[in-house]
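Written out below as structure tokens is the structure these notes cover.
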Amino acid sequence: EIVLVDTAGLRRKSKIKESVEFFSTVRALKSIERCDVAVVVIDAQQGLEHQDLRIIETAIERKRAVVIAVNKWDLIEKDETTARMLEKGLKEKLRIYNFIPIIFISALVKQRIYKVIELVKTVDVEQNKRIATSEVNDRLGADIKTFPPRSRSGKEIKVNYITQVDSKPPVFAFFCNEPKLIDDNYRRYLENKIREHFTFSGVPVVLSFK
């Protein structure tokens with residue numbers, strides 16, 4: 001059984017004048033809290049706006065999986081490269097959130113609207129999956145050996161053991177001698193390697209150092 005919660009469209013803060021707009025924003029944020037997967041619908045003609053990014057960021061901060069549906073695709077003049085080029089542009093704007101899958105739809109002509117549900121179901125499977133500890137250590141252990149963590153203090157950092165300790169969202173625990181010395185750049189490197197090996201499309205991944 002799938003429950004769909006449709007929220008009011010959110011406008012830029014500068015356009016929010018009435019209390020109704022304010023409460024629709026609050027309700028949208030509450031919907032993110034209770035959802036399994038957030039489908040952020042954006043306008044194909046307007047592209048990814050600041051407000052869209054704010055909602056995506058909010059969902060990821062709350063450890064919710066995200067799918068982006070680009071609506072009004074029927075209004076775009078296109079050839080065989082348009083979707084690929086637009087997706088590339090969106091991924092560049094998403095930057096650290098470029099793991100979010102994108103689907104092009106038209107609510108008006110019902111183009112690919114049912115595929116949104118299929119994509120959501122795929123992403124839900126992704127956020128619930130668990131990776132065997134042996135596989136995590138084999139894959140990530142090799143990456144750490146190739147590019148070991150370095151500290152500014154000169155202390156040697158050794159990662160001894162890695163395991164996935166939770167799902168939805170997936171949490172990976174790294175047991176090491178100096179957990180506090182792992183910097184943000186190295187965390188991003190490890191997250192990128194986790195996605196490279198195990199995908200987790202549309203899913204926030206949590207890294208814990210112990």
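For the structure tokens, the naming scheme is as follows: chains receive sequential letters (A, B, ...) according to their order of presentation, residues are indexed from 1 within each chain, and ligands are indexed from 1 in presentation order.
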Based on the backbone DSSP call, show me all residues of chain A assigned strand (DSSP E), as a PyMOL selection string.
chain A and resi 37-43+65-71+102-104+159-166+171-176+206-209
So which residues touch stretch 2-7 of chain A within 10 Å, counting only C-alpha atoms, skipping near sequence neighbours fewer than 2 positions away, as JSON, numbers by chain?
{"A": [9, 10, 24, 25, 27, 28, 29, 30, 31, 32, 34, 35, 36, 37, 38, 39, 117, 121]}
I'd like the contact shell of stretch 127-139 of chain A - 7 Å cut-off, only C-alpha atoms, skipping same-chain residues fewer than 5 positions apart - returned as a list in words.
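So the residues in contact are Tyr161, Ile162, Thr163, Gln164, Ser167, Lys168, Pro169, Pro170, Phe200 and Val203 of chain A.
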I'd like the neighbourhood of stretch 146-148 of chain A as a count of residues only, where a residue qualifies if any of its atoms comes within 9 Å (using only C-alpha atoms), though same-chain residues fewer than 5 positions away should be ignored.
5
Please give the complete set of residues from stretch 142-174 of chain A that DSSP, run on the backbone, assigns to helix (DSSP H, G or I), formatted as a list in words.
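Put together, the selection reads Ala142, Asp143, Ile144, Lys145 and Thr146 of chain A.
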Looking at only C-alpha atoms, which of A:Leu190, A:Ile68, A:Val165, A:Ile105 is the one that sits closest to A:Val120?
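Among the listed residues, A:Ile68 lies closest to A:Val120.
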Measuring atom to atom with only C-alpha atoms, identify which of A:Arg112, A:Leu94, A:Phe209, A:Glu87 is nearest to A:Asn160.
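Smallest separation from A:Asn160 among the options: A:Phe209.
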For A:Lys193, list every protein, DNA or RNA residue within 10 Å, evaluated using only C-alpha atoms, and leave out those in the same chain fewer than 5 positions away; present the list as a list in words.
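With the cut-off at 10 Å, the set is Arg139, Leu140, Asp143, Ile144, Arg187, Arg188, Phe198 and Thr199 of chain A.
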Could you write those residues out with N, CA and C atoms, as a PDB file, in the first residue's frame?
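Full text of selection.pdb as output:
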ATOM      1  N   ARG A 139      35.790  -3.878  -0.336  1.00  0.00           N
ATOM      2  CA  ARG A 139      35.718  -2.765  -1.298  1.00  0.00           C
ATOM      3  C   ARG A 139      36.325  -1.478  -0.719  1.00  0.00           C
ATOM      4  N   LEU A 140      35.804  -1.066   0.435  1.00  0.00           N
ATOM      5  CA  LEU A 140      36.263   0.203   1.013  1.00  0.00           C
ATOM      6  C   LEU A 140      37.671   0.092   1.588  1.00  0.00           C
ATOM      7  N   ASP A 143      39.985   0.904  -1.117  1.00  0.00           N
ATOM      8  CA  ASP A 143      39.979   2.355  -1.395  1.00  0.00           C
ATOM      9  C   ASP A 143      40.789   3.122  -0.352  1.00  0.00           C
ATOM     10  N   ILE A 144      40.651   2.716   0.908  1.00  0.00           N
ATOM     11  CA  ILE A 144      41.380   3.380   2.000  1.00  0.00           C
ATOM     12  C   ILE A 144      42.882   3.117   1.863  1.00  0.00           C
ATOM     13  N   ARG A 187      35.615  12.341   4.440  1.00  0.00           N
ATOM     14  CA  ARG A 187      34.257  11.795   4.593  1.00  0.00           C
ATOM     15  C   ARG A 187      33.550  11.755   3.238  1.00  0.00           C
ATOM     16  N   ARG A 188      33.714  12.850   2.468  1.00  0.00           N
ATOM     17  CA  ARG A 188      33.086  12.909   1.133  1.00  0.00           C
ATOM     18  C   ARG A 188      33.684  11.849   0.204  1.00  0.00           C
ATOM     19  N   PHE A 198      28.043   0.667  -4.148  1.00  0.00           N
ATOM     20  CA  PHE A 198      26.753   0.119  -3.705  1.00  0.00           C
ATOM     21  C   PHE A 198      25.546   0.965  -4.125  1.00  0.00           C
ATOM     22  N   THR A 199      25.758   2.021  -4.888  1.00  0.00           N
ATOM     23  CA  THR A 199      24.727   2.890  -5.484  1.00  0.00           C
ATOM     24  C   THR A 199      23.991   3.788  -4.479  1.00  0.00           C
TER      25      THR A 199
END
For the atom pair atom CA of A:Ala65 and atom CA of A:Ile103, what is the interatomic distance in Å to one decimal place?
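One can read the atom CA of A:Ala65 to atom CA of A:Ile103 distance as 14.8 Å.
Separating atom CA of A:Pro179 from atom CA of A:Ile194 is a distance of 18.3 Å.
Distances from A:Ile100, A:Val125, A:Ala44, A:Met85 to A:Ala59 were compared using only C-alpha atoms, and the smallest one belongs to A:Ile100.
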